[in-house]
Structure formats: structure tokens, C-alpha cells
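Colleague: For reference, the file work_27.cif (mmCIF, C-alpha atoms) is included below:
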data_entry
#
loop_
_atom_site.group_PDB
_atom_site.id
_atom_site.type_symbol
_atom_site.label_atom_id
_atom_site.label_comp_id
_atom_site.auth_asym_id
_atom_site.auth_seq_id
_atom_site.Cartn_x
_atom_site.Cartn_y
_atom_site.Cartn_z
ATOM 1 C CA MET L 1 -1.032 143.317 -95.974
ATOM 2 C CA LYS L 2 -0.361 139.926 -97.532
ATOM 3 C CA PRO L 3 -2.536 136.921 -96.690
ATOM 4 C CA ILE L 4 -1.489 133.397 -95.741
ATOM 5 C CA PHE L 5 -2.748 130.235 -97.316
ATOM 6 C CA ALA L 6 -2.008 126.573 -97.807
ATOM 7 C CA LEU L 7 -2.980 123.737 -100.151
ATOM 8 C CA GLY L 8 -5.120 122.759 -99.284
ATOM 9 C CA LEU L 9 -6.633 121.091 -98.084
ATOM 10 C CA SER L 10 -7.590 119.604 -101.147
ATOM 11 C CA GLY L 11 -10.236 122.073 -100.673
ATOM 12 C CA LEU L 12 -12.312 120.082 -98.157
ATOM 13 C CA LEU L 13 -12.865 121.329 -94.607
ATOM 14 C CA ALA L 14 -14.819 119.586 -91.928
ATOM 15 C CA LEU L 15 -17.166 122.428 -91.019
ATOM 16 C CA ALA L 16 -19.230 124.830 -93.087
ATOM 17 C CA ALA L 17 -21.020 127.921 -91.866
ATOM 18 C CA PRO L 18 -24.793 127.826 -91.383
ATOM 19 C CA ALA L 19 -26.714 128.325 -94.626
ATOM 20 C CA ARG L 20 -27.644 131.940 -95.376
ATOM 21 C CA ALA L 21 -28.419 134.121 -98.343
ATOM 22 C CA ALA L 22 -25.301 135.073 -100.280
ATOM 23 C CA GLU L 23 -24.053 138.622 -99.760
ATOM 24 C CA PRO L 24 -24.076 140.865 -102.865
ATOM 25 C CA TRP L 25 -20.289 140.789 -103.056
ATOM 26 C CA GLU L 26 -20.330 136.973 -102.892
ATOM 27 C CA GLN L 27 -22.877 136.855 -105.706
ATOM 28 C CA ALA L 28 -20.632 139.142 -107.753
ATOM 29 C CA VAL L 29 -17.639 136.881 -107.157
ATOM 30 C CA ALA L 30 -19.627 133.782 -108.126
ATOM 31 C CA THR L 31 -20.831 135.493 -111.308
ATOM 32 C CA GLU L 32 -17.317 136.484 -112.364
ATOM 33 C CA ILE L 33 -15.785 133.081 -111.615
ATOM 34 C CA GLY L 34 -18.738 131.249 -113.152
ATOM 35 C CA LYS L 35 -19.305 128.992 -110.158
ATOM 36 C CA PRO L 36 -20.832 129.563 -106.700
ATOM 37 C CA GLY L 37 -18.820 129.110 -103.539
ATOM 38 C CA THR L 38 -19.567 128.113 -99.959
ATOM 39 C CA GLU L 39 -19.796 130.344 -96.896
ATOM 40 C CA MET L 40 -17.252 129.086 -94.362
ATOM 41 C CA PRO L 41 -16.556 129.975 -90.711
ATOM 42 C CA GLY L 42 -14.755 133.267 -90.215
ATOM 43 C CA GLY L 43 -16.665 135.079 -92.982
ATOM 44 C CA VAL L 44 -14.771 133.271 -95.741
ATOM 45 C CA TYR L 45 -16.350 132.673 -99.160
ATOM 46 C CA ARG L 46 -14.533 129.734 -100.738
ATOM 47 C CA ILE L 47 -14.819 128.387 -104.291
ATOM 48 C CA GLY L 48 -13.459 124.948 -105.155
ATOM 49 C CA LEU L 49 -12.171 124.419 -108.686
ATOM 50 C CA PRO L 50 -11.092 120.773 -108.954
ATOM 51 C CA ARG L 51 -9.002 119.805 -111.960
ATOM 52 C CA SER L 52 -11.497 117.184 -113.097
ATOM 53 C CA ASP L 53 -10.206 117.695 -116.645
ATOM 54 C CA LEU L 54 -6.915 116.005 -115.792
ATOM 55 C CA LYS L 55 -6.131 112.306 -115.429
ATOM 56 C CA VAL L 56 -3.127 112.302 -113.123
ATOM 57 C CA VAL L 57 -1.447 109.020 -112.212
ATOM 58 C CA LEU L 58 1.088 108.535 -109.403
ATOM 59 C CA ASP L 59 2.667 105.152 -108.661
ATOM 60 C CA GLY L 60 -0.171 103.479 -110.539
ATOM 61 C CA VAL L 61 -2.908 105.337 -108.654
ATOM 62 C CA THR L 62 -5.260 107.597 -110.625
ATOM 63 C CA LEU L 63 -5.687 110.585 -108.336
ATOM 64 C CA LYS L 64 -9.153 111.868 -107.478
ATOM 65 C CA PRO L 65 -9.308 115.664 -107.858
ATOM 66 C CA ALA L 66 -10.258 115.893 -104.167
ATOM 67 C CA LEU L 67 -7.077 114.067 -103.150
ATOM 68 C CA ALA L 68 -4.488 116.454 -104.575
ATOM 69 C CA LEU L 69 -5.857 118.336 -107.595
ATOM 70 C CA GLY L 70 -8.239 120.802 -105.976
ATOM 71 C CA SER L 71 -7.619 124.409 -106.963
ATOM 72 C CA TRP L 72 -9.423 126.805 -104.623
ATOM 73 C CA LEU L 73 -10.023 130.505 -104.040
ATOM 74 C CA ALA L 74 -10.961 132.031 -100.685
ATOM 75 C CA PHE L 75 -12.346 135.565 -100.333
ATOM 76 C CA VAL L 76 -12.896 137.494 -97.101
ATOM 77 C CA PRO L 77 -14.091 141.104 -96.624
ATOM 78 C CA HIS L 78 -11.249 143.483 -95.791
ATOM 79 C CA GLY L 79 -12.217 147.150 -95.672
ATOM 80 C CA ALA L 80 -15.219 149.005 -97.072
ATOM 81 C CA GLY L 81 -16.194 147.366 -100.351
ATOM 82 C CA GLN L 82 -12.887 145.515 -100.456
ATOM 83 C CA ALA L 83 -11.823 141.898 -100.060
ATOM 84 C CA MET L 84 -8.721 139.790 -99.712
ATOM 85 C CA VAL L 85 -8.361 136.710 -101.849
ATOM 86 C CA MET L 86 -5.944 133.842 -101.540
ATOM 87 C CA GLY L 87 -5.782 130.485 -103.183
ATOM 88 C CA ASP L 88 -3.907 127.574 -104.648
ATOM 89 C CA LEU L 89 -4.061 126.938 -108.395
ATOM 90 C CA VAL L 90 -3.249 123.465 -109.753
ATOM 91 C CA LEU L 91 -1.568 123.852 -113.139
ATOM 92 C CA THR L 92 0.275 121.744 -115.663
ATOM 93 C CA ASP L 93 3.793 122.792 -116.583
ATOM 94 C CA THR L 94 2.648 124.316 -119.885
ATOM 95 C CA GLU L 95 -0.068 126.401 -118.178
ATOM 96 C CA VAL L 96 2.109 128.104 -115.571
ATOM 97 C CA ASN L 97 3.555 131.024 -117.534
ATOM 98 C CA SER L 98 0.385 132.168 -119.290
ATOM 99 C CA VAL L 99 -1.646 132.053 -116.057
ATOM 100 C CA MET L 100 1.103 133.857 -114.156
ATOM 101 C CA ALA L 101 1.350 136.639 -116.754
ATOM 102 C CA LYS L 102 -2.394 137.291 -116.643
ATOM 103 C CA LEU L 103 -2.421 137.383 -112.834
ATOM 104 C CA ILE L 104 0.508 139.799 -112.686
ATOM 105 C CA ALA L 105 -1.169 142.085 -115.232
ATOM 106 C CA GLY L 106 -4.296 142.125 -113.049
ATOM 107 C CA GLY L 107 -2.448 142.967 -109.842
ATOM 108 C CA ILE L 108 -2.595 139.517 -108.220
ATOM 109 C CA GLU L 109 0.538 138.512 -106.297
ATOM 110 C CA ILE L 110 2.256 135.162 -106.792
ATOM 111 C CA THR L 111 3.468 134.066 -103.353
ATOM 112 C CA ALA L 112 4.732 130.565 -104.133
ATOM 113 C CA LEU L 113 5.166 128.173 -107.051
ATOM 114 C CA HIS L 114 6.245 124.595 -106.489
ATOM 115 C CA ASN L 115 5.429 120.890 -106.614
ATOM 116 C CA HIS L 116 3.347 119.068 -104.018
ATOM 117 C CA LEU L 117 3.856 115.574 -105.461
ATOM 118 C CA LEU L 118 6.664 113.540 -107.056
ATOM 119 C CA ARG L 119 6.520 111.233 -110.094
ATOM 120 C CA ASN L 120 2.975 112.190 -111.072
ATOM 121 C CA THR L 121 2.047 112.145 -114.767
ATOM 122 C CA PRO L 122 1.235 114.672 -116.043
ATOM 123 C CA HIS L 123 3.379 116.730 -113.708
ATOM 124 C CA THR L 124 1.474 119.395 -111.780
ATOM 125 C CA MET L 125 2.628 122.644 -110.218
ATOM 126 C CA TYR L 126 0.880 124.609 -107.476
ATOM 127 C CA MET L 127 0.673 128.392 -107.722
ATOM 128 C CA HIS L 128 -0.297 130.205 -104.534
ATOM 129 C CA ILE L 129 -1.809 133.640 -104.995
ATOM 130 C CA ALA L 130 -2.898 136.677 -102.970
ATOM 131 C CA GLY L 131 -4.723 139.888 -103.763
ATOM 132 C CA HIS L 132 -6.662 142.792 -102.279
ATOM 133 C CA GLY L 133 -9.251 145.064 -103.851
ATOM 134 C CA ASP L 134 -12.730 145.075 -105.317
ATOM 135 C CA PRO L 135 -13.965 141.472 -104.998
ATOM 136 C CA ALA L 136 -15.659 141.352 -108.393
ATOM 137 C CA GLN L 137 -12.539 142.698 -110.128
ATOM 138 C CA LEU L 138 -10.317 140.215 -108.277
ATOM 139 C CA ALA L 139 -12.641 137.422 -109.354
ATOM 140 C CA LYS L 140 -12.607 138.591 -112.980
ATOM 141 C CA THR L 141 -8.811 138.632 -113.050
ATOM 142 C CA LEU L 142 -8.682 135.139 -111.570
ATOM 143 C CA HIS L 143 -11.283 133.862 -114.016
ATOM 144 C CA ASP L 144 -9.444 135.314 -117.005
ATOM 145 C CA ALA L 145 -6.153 133.805 -115.824
ATOM 146 C CA LEU L 146 -7.637 130.372 -115.154
ATOM 147 C CA ALA L 147 -9.382 130.465 -118.531
ATOM 148 C CA LEU L 148 -5.878 130.132 -120.014
ATOM 149 C CA SER L 149 -5.653 126.717 -118.338
ATOM 150 C CA GLY L 150 -7.926 123.701 -118.622
ATOM 151 C CA THR L 151 -9.480 124.408 -115.220
ATOM 152 C CA PRO L 152 -13.267 123.821 -115.373
ATOM 153 C CA LEU L 153 -14.888 127.145 -114.456
ATOM 154 C CA SER L 154 -18.591 126.353 -114.652
ATOM 155 C CA ALA L 155 -20.816 124.724 -112.084
ATOM 156 C CA PRO L 156 -21.813 121.123 -112.875
ATOM 157 C CA PRO L 157 -25.366 120.603 -114.168
ATOM 158 C CA SER L 158 -28.053 120.365 -111.494
ATOM 159 C CA THR L 159 -29.005 116.796 -110.663
ATOM 160 C CA ALA L 160 -31.300 115.040 -108.232
ATOM 161 C CA PRO L 161 -29.850 114.744 -104.709
ATOM 162 C CA ALA L 162 -27.380 111.870 -104.637
ATOM 163 C CA ALA L 163 -27.307 109.158 -102.003
ATOM 164 C CA PRO L 164 -24.761 109.724 -99.234
ATOM 165 C CA GLU L 165 -21.282 108.880 -100.500
ATOM 166 C CA THR L 166 -19.608 105.811 -99.020
ATOM 167 C CA LEU L 167 -15.967 104.774 -99.208
ATOM 168 C CA ASP L 168 -14.165 101.440 -99.015
ATOM 169 C CA LEU L 169 -12.453 102.570 -95.807
ATOM 170 C CA ASP L 170 -13.033 102.082 -92.083
ATOM 171 C CA THR L 171 -13.497 105.801 -91.516
ATOM 172 C CA ALA L 172 -14.433 105.319 -87.848
ATOM 173 C CA ALA L 173 -11.053 103.664 -87.265
ATOM 174 C CA LEU L 174 -9.254 106.516 -89.019
ATOM 175 C CA ASP L 175 -11.137 109.058 -86.870
ATOM 176 C CA SER L 176 -10.169 107.161 -83.733
ATOM 177 C CA ILE L 177 -6.494 106.860 -84.656
ATOM 178 C CA LEU L 178 -6.109 110.495 -85.703
ATOM 179 C CA GLY L 179 -8.318 111.886 -82.924
ATOM 180 C CA HIS L 180 -10.300 114.018 -85.356
ATOM 181 C CA LYS L 181 -13.391 113.622 -87.510
ATOM 182 C CA GLY L 182 -12.936 113.478 -91.260
ATOM 183 C CA LYS L 183 -15.392 114.226 -94.057
ATOM 184 C CA VAL L 184 -16.311 112.243 -97.171
ATOM 185 C CA GLY L 185 -16.288 114.062 -100.495
ATOM 186 C CA GLY L 186 -15.233 113.379 -104.067
ATOM 187 C CA GLY L 187 -14.179 109.802 -103.316
ATOM 188 C CA VAL L 188 -11.795 110.967 -100.586
ATOM 189 C CA TYR L 189 -11.840 111.021 -96.775
ATOM 190 C CA ALA L 190 -10.414 114.400 -95.762
ATOM 191 C CA PHE L 191 -9.275 115.874 -92.447
ATOM 192 C CA GLY L 192 -8.749 119.575 -91.729
ATOM 193 C CA ILE L 193 -6.894 119.991 -88.425
ATOM 194 C CA PRO L 194 -6.292 123.572 -87.202
ATOM 195 C CA ARG L 195 -3.192 124.626 -85.337
ATOM 196 C CA ALA L 196 -3.537 125.577 -81.670
ATOM 197 C CA GLU L 197 -2.842 129.232 -82.435
ATOM 198 C CA ALA L 198 -4.376 130.795 -85.529
ATOM 199 C CA PRO L 199 -1.621 131.948 -87.897
ATOM 200 C CA ARG L 200 -1.538 135.682 -88.564
ATOM 201 C CA ASP L 201 -0.612 137.671 -91.593
ATOM 202 C CA GLY L 202 0.052 141.378 -91.291
ATOM 203 C CA GLY L 203 -1.414 141.080 -87.784
ATOM 204 C CA MET L 204 -4.675 139.530 -89.015
ATOM 205 C CA PRO L 205 -5.692 136.071 -87.677
ATOM 206 C CA LEU L 206 -6.531 133.706 -90.512
ATOM 207 C CA PRO L 207 -9.266 131.061 -90.140
ATOM 208 C CA PRO L 208 -8.740 127.453 -91.291
ATOM 209 C CA ALA L 209 -10.860 128.066 -94.399
ATOM 210 C CA MET L 210 -8.162 130.422 -95.672
ATOM 211 C CA GLY L 211 -5.829 127.426 -95.920
ATOM 212 C CA ALA L 212 -4.299 127.607 -92.452
ATOM 213 C CA ALA L 213 -5.161 124.050 -91.352
ATOM 214 C CA ILE L 214 -3.273 120.773 -91.663
ATOM 215 C CA ALA L 215 -4.751 118.754 -94.544
ATOM 216 C CA ILE L 216 -4.781 114.940 -94.534
ATOM 217 C CA ASN L 217 -6.569 113.076 -97.343
ATOM 218 C CA PHE L 218 -7.207 109.340 -97.853
ATOM 219 C CA GLN L 219 -8.239 107.830 -101.207
ATOM 220 C CA PRO L 220 -9.180 104.118 -101.077
ATOM 221 C CA THR L 221 -7.053 101.919 -103.346
ATOM 222 C CA GLY L 222 -8.551 98.523 -102.486
ATOM 223 C CA GLY L 223 -7.899 95.803 -99.931
ATOM 224 C CA ASP L 224 -8.030 98.167 -96.920
ATOM 225 C CA LYS L 225 -5.321 100.288 -98.539
ATOM 226 C CA ALA L 226 -5.365 104.016 -99.225
ATOM 227 C CA ALA L 227 -3.265 106.614 -100.968
ATOM 228 C CA ILE L 228 -2.602 109.564 -98.692
ATOM 229 C CA THR L 229 -1.423 113.090 -99.330
ATOM 230 C CA GLY L 230 -1.876 116.566 -97.920
ATOM 231 C CA ASP L 231 0.296 118.935 -95.958
ATOM 232 C CA PHE L 232 1.397 119.656 -92.412
ATOM 233 C CA VAL L 233 1.468 123.333 -91.389
ATOM 234 C CA LEU L 234 4.546 123.638 -89.174
ATOM 235 C CA ALA L 235 6.611 125.976 -87.072
ATOM 236 C CA ALA L 236 10.341 125.743 -87.751
ATOM 237 C CA SER L 237 10.986 123.712 -84.606
ATOM 238 C CA GLU L 238 8.401 121.127 -85.694
ATOM 239 C CA VAL L 239 9.751 120.484 -89.187
ATOM 240 C CA ASN L 240 12.390 117.827 -88.563
ATOM 241 C CA PRO L 241 10.542 115.921 -85.802
ATOM 242 C CA VAL L 242 7.535 115.599 -88.134
ATOM 243 C CA LEU L 243 9.727 114.686 -91.101
ATOM 244 C CA ARG L 244 11.433 111.923 -89.114
ATOM 245 C CA ALA L 245 8.117 110.570 -87.810
ATOM 246 C CA LEU L 246 6.654 110.378 -91.299
ATOM 247 C CA ARG L 247 9.664 108.630 -92.810
ATOM 248 C CA GLU L 248 9.950 106.196 -89.889
ATOM 249 C CA ASN L 249 6.373 105.160 -90.658
ATOM 250 C CA GLY L 250 6.856 104.601 -94.385
ATOM 251 C CA ILE L 251 5.404 107.947 -95.491
ATOM 252 C CA GLU L 252 7.354 109.823 -98.145
ATOM 253 C CA VAL L 253 7.993 113.556 -97.714
ATOM 254 C CA THR L 254 7.524 115.053 -101.184
ATOM 255 C CA ALA L 255 7.936 118.803 -100.613
ATOM 256 C CA LEU L 256 8.847 121.324 -97.919
ATOM 257 C CA HIS L 257 8.338 125.029 -98.574
ATOM 258 C CA ASN L 258 6.494 128.247 -97.781
ATOM 259 C CA HIS L 259 3.027 129.181 -99.044
ATOM 260 C CA MET L 260 3.049 132.819 -97.930
ATOM 261 C CA LEU L 261 5.254 135.898 -97.679
ATOM 262 C CA ASP L 262 4.487 137.691 -94.404
ATOM 263 C CA ASP L 263 3.298 135.092 -91.902
ATOM 264 C CA GLU L 264 3.493 135.208 -88.106
ATOM 265 C CA PRO L 265 4.918 132.848 -86.961
ATOM 266 C CA ARG L 266 6.945 131.813 -89.993
ATOM 267 C CA LEU L 267 5.342 128.575 -91.149
ATOM 268 C CA PHE L 268 6.457 125.733 -93.399
ATOM 269 C CA PHE L 269 4.315 123.306 -95.382
ATOM 270 C CA MET L 270 5.326 119.655 -95.587
ATOM 271 C CA HIS L 271 3.633 117.518 -98.234
ATOM 272 C CA PHE L 272 3.584 113.735 -98.091
ATOM 273 C CA TRP L 273 2.598 110.612 -100.025
ATOM 274 C CA ALA L 274 2.105 106.892 -99.405
ATOM 275 C CA ASN L 275 -0.110 104.030 -100.588
ATOM 276 C CA ASP L 276 -0.432 101.304 -97.958
ATOM 277 C CA ASP L 277 -2.746 99.892 -95.310
ATOM 278 C CA ALA L 278 -4.964 102.796 -94.290
ATOM 279 C CA ARG L 279 -4.821 102.115 -90.537
ATOM 280 C CA LYS L 280 -1.029 101.755 -90.643
ATOM 281 C CA LEU L 281 -0.711 105.077 -92.440
ATOM 282 C CA ALA L 282 -3.114 106.749 -90.004
ATOM 283 C CA ARG L 283 -0.931 105.598 -87.113
ATOM 284 C CA GLY L 284 2.108 107.109 -88.843
ATOM 285 C CA LEU L 285 0.285 110.386 -89.374
ATOM 286 C CA ALA L 286 -0.840 110.373 -85.752
ATOM 287 C CA ALA L 287 2.775 109.903 -84.663
ATOM 288 C CA ALA L 288 3.738 112.959 -86.716
ATOM 289 C CA LEU L 289 0.869 115.013 -85.252
ATOM 290 C CA GLN L 290 2.303 114.390 -81.780
ATOM 291 C CA HIS L 291 5.062 116.852 -82.713
ATOM 292 C CA VAL L 292 2.664 119.633 -83.804
ATOM 293 C CA ALA L 293 0.841 122.225 -81.709
ATOM 294 C CA ILE L 294 -2.703 121.468 -82.862
ATOM 295 C CA ALA L 295 -6.002 122.754 -81.514
ATOM 296 C CA ALA L 296 -7.800 120.620 -78.967
ATOM 297 C CA ASN L 297 -11.034 118.984 -80.108
#
Hey, can you dump this file as C-alpha cells for me?

Modeller:
Amino acid sequence: MKPIFALGLSGLLALAAPARAAEPWEQAVATEIGKPGTEMPGGVYRIGLPRSDLKVVLDGVTLKPALALGSWLAFVPHGAGQAMVMGDLVLTDTEVNSVMAKLIAGGIEITALHNHLLRNTPHTMYMHIAGHGDPAQLAKTLHDALALSGTPLSAPPSTAPAAPETLDLDTAALDSILGHKGKVGGGVYAFGIPRAEAPRDGGMPLPPAMGAAIAINFQPTGGDKAAITGDFVLAASEVNPVLRALRENGIEVTALHNHMLDDEPRLFFMHFWANDDARKLARGLAAALQHVAIAAN
């Protein structure tokens, strides 16, 4: 069985599972990776690994890690003492081959390797991965592979609780235009919008936290403007209507590809970019969403 996953979402999803004590296998995963994760709906244990070590610039905009540089790993129990893992690793060009070799040696599958952005400096590639087995061993392999990159693998130092984060954006207007509620985090306003029917892989339904949701991220750039990126999760019949809607609204399509190997239905992932008036861009994204079978609120 091969799992399905997307970018994701920059790593940010709108809902988290109720707080509970970590399961032993989750504690083992956190120990091996070097950083704790978050329990998400659907039994998913997800660890965000933003590339805060990189300063990536695109069209004059310095990208926040939460906008488009958020590596992530998602684990879910699958069989007695076993787990599936999937994820998206943000890598520079020079990191790709060494990370790939270590993953292959540890039995982790590479299911896609591609760009999500255009013209960014330094250039970044996105390596989608999948694996099944002992969760601690999977986590160790992933840690050892990522240690060959500059990916920060330790949790940030504990600090006093910060004040609620605010953004220079009319987030209520964006919520109204898109018909969904976003979430502030890492200097970005992020939406995770699930499809109407949960994608399946090998017959197994996959929750949004496994990367199966549409991701839309806004980073304020001043003067009511925002840079936007993310990806639409699309059936084949939706690809060109969405592509046309985005381009008609001044939103650049930067990549179109698969993120998985054995998905049902076959899905395509369309990445996008623009930097313009945030409300204008939200209206363009909303026009594109009209062509997608998304879950009702």
C-alpha cells in the first residue's frame, strides 16, 4: 500500500485534534526526529520542519517558511506496531541526491520530485516520500536523511507564551471571499480546504492532515497586498478549468504534477503564485474553487 500526500499545505491546517497524552509510538517518533509533532484529526501525528535556515527570495519577496518552505512528516498507525509515513521535504538543489540516497538505503520510497515555485533564489525542490514499518525506525531514517541537509531538526527553545499573532491583512474579508476560515501562523494566513470525497490510496481514505487538502497561503507584502502560493488538489476534469480561472485572474500557475503513486481517484496538484491586492487575489482563488468538488462547510 502506498500513501497519498500533498504539499502542503505549508504544513498548516485549520483544525487540530483535542490535546491528549502522546502515545508511546508518537514519543518514539519525536525522539528520533528530535522535535515533537501535533496530534491531528484522523489519528495523524504530524511534525513540521520549516526551512528557517534558508532565505529564499521570489520576485523581491522574502518567503516566510510557512508560506512555501515547510517540510513536514505525517505518521499514522497502520497494523500492529506499524505506521505509514508520508511527507514533503523542501531541499536545495545540492541537497537532493544525498538525502535521496539515504532514504532509499533506509527503505523509504520517493514518490515525486519537482519544483513548486519559479524564479526563487536559492532554487528549491520538493521531495515527496512514503514508507511503512516500525515508526521509530522510519523516523530514524528520515532524521538521518534530513541531517544531510540544512533542515533544522531540533525544537526551538522554550519561551514565555507569545501574544496572539496579527497580520497586516483583512483576514475576515479573505474568509468571506473564500467561504472558509483561515489560520494565522508563522506570519502567514493559511487555508486548508478538503475535497468533498476523501482521496484513497490502496483503498484507505486519507484525512486532510496527510496532505490531501487544498492549501492556500497568504503572506502580507504591504499596502493591502499579499504574496500567495499553495496547491489545488484536482481531479483530471478539474485541471484546465482551474488553470484558466487562475490565469484569468492574474495568478500564475507554477507547477502541475502528481504527489503520489497509487491514488484513487487519480489526482493532480496545481501550484500557483502571485503578489497583488489580497482581496483581488482571494476573488481569483474563489473563482478557481468554483470548479473543484470541495467539502461543504

Colleague: Counting all atoms listed in the file, figure out which residue out of L:His143, L:Asp93, L:Val242, L:Ala287 gets nearest to Leu178 (chain L).

Modeller: L:Ala287

Colleague: Quick one: which region 75-137 of chain L residues come within 8 Å of region 256-279 of chain L, and what is the nearest atom pair for each with the distance in Å to one decimal, counting all atoms listed in the file, rows ordered by chain and ascending number, as JSON lines?

Modeller:
{"residue": "L:Thr111", "atom": "CA", "partner": "L:Met260", "partner_atom": "CA", "distance": 5.6}
{"residue": "L:Ala112", "atom": "CA", "partner": "L:His259", "partner_atom": "CA", "distance": 5.5}
{"residue": "L:His116", "atom": "CA", "partner": "L:His271", "partner_atom": "CA", "distance": 6.0}
{"residue": "L:Leu117", "atom": "CA", "partner": "L:Trp273", "partner_atom": "CA", "distance": 7.5}
{"residue": "L:His128", "atom": "CA", "partner": "L:His259", "partner_atom": "CA", "distance": 6.5}

Colleague: Could you turn the residues from that selection into a file that holds C-alpha atoms, as a compact mmCIF listing (two decimals), in the frame of the given file?

Modeller:
# COMPACT_ATOMS: atom_id res chain seq x y z
CA THR L 111 3.47 134.07 -103.35
CA ALA L 112 4.73 130.56 -104.13
CA HIS L 116 3.35 119.07 -104.02
CA LEU L 117 3.86 115.57 -105.46
CA HIS L 128 -0.30 130.21 -104.53

Colleague: Please report the interatomic distance between CA of Val57 (chain L) and CA of His123 (chain L) in Å with one decimal.

Modeller: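 A separation of 9.2 Å between them.
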
Colleague: Could you state which residues are captured by the PyMOL selection byres ((chain L and resi 87) around 7) in this file, as a list in words?

Modeller: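 Here the PyMOL selection byres ((chain L and resi 87) around 7) matches Phe5, Trp72, Leu73, Ala74, Val85, Met86, Asp88, Leu89, His128, Ile129 and Ala130 of chain L.
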
Colleague: Rank L:Leu146, L:Val29, L:Phe75, L:Thr221 by their smallest atom-to-atom distance to Leu206 (chain L), using only C-alpha atoms, and report the top residue only.

Modeller: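 Nearest to Leu206 (chain L): L:Phe75.
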
Colleague: Once the PyMOL selection byres ((chain L and resi 76) around 7) has been applied to the shown file, what residues remain in the selection, as a list of chain:residue names?

Modeller: L:Gly43, L:Val44, L:Tyr45, L:Ala74, L:Phe75, L:Pro77, L:His78, L:Ala83, L:Met84, L:Val85
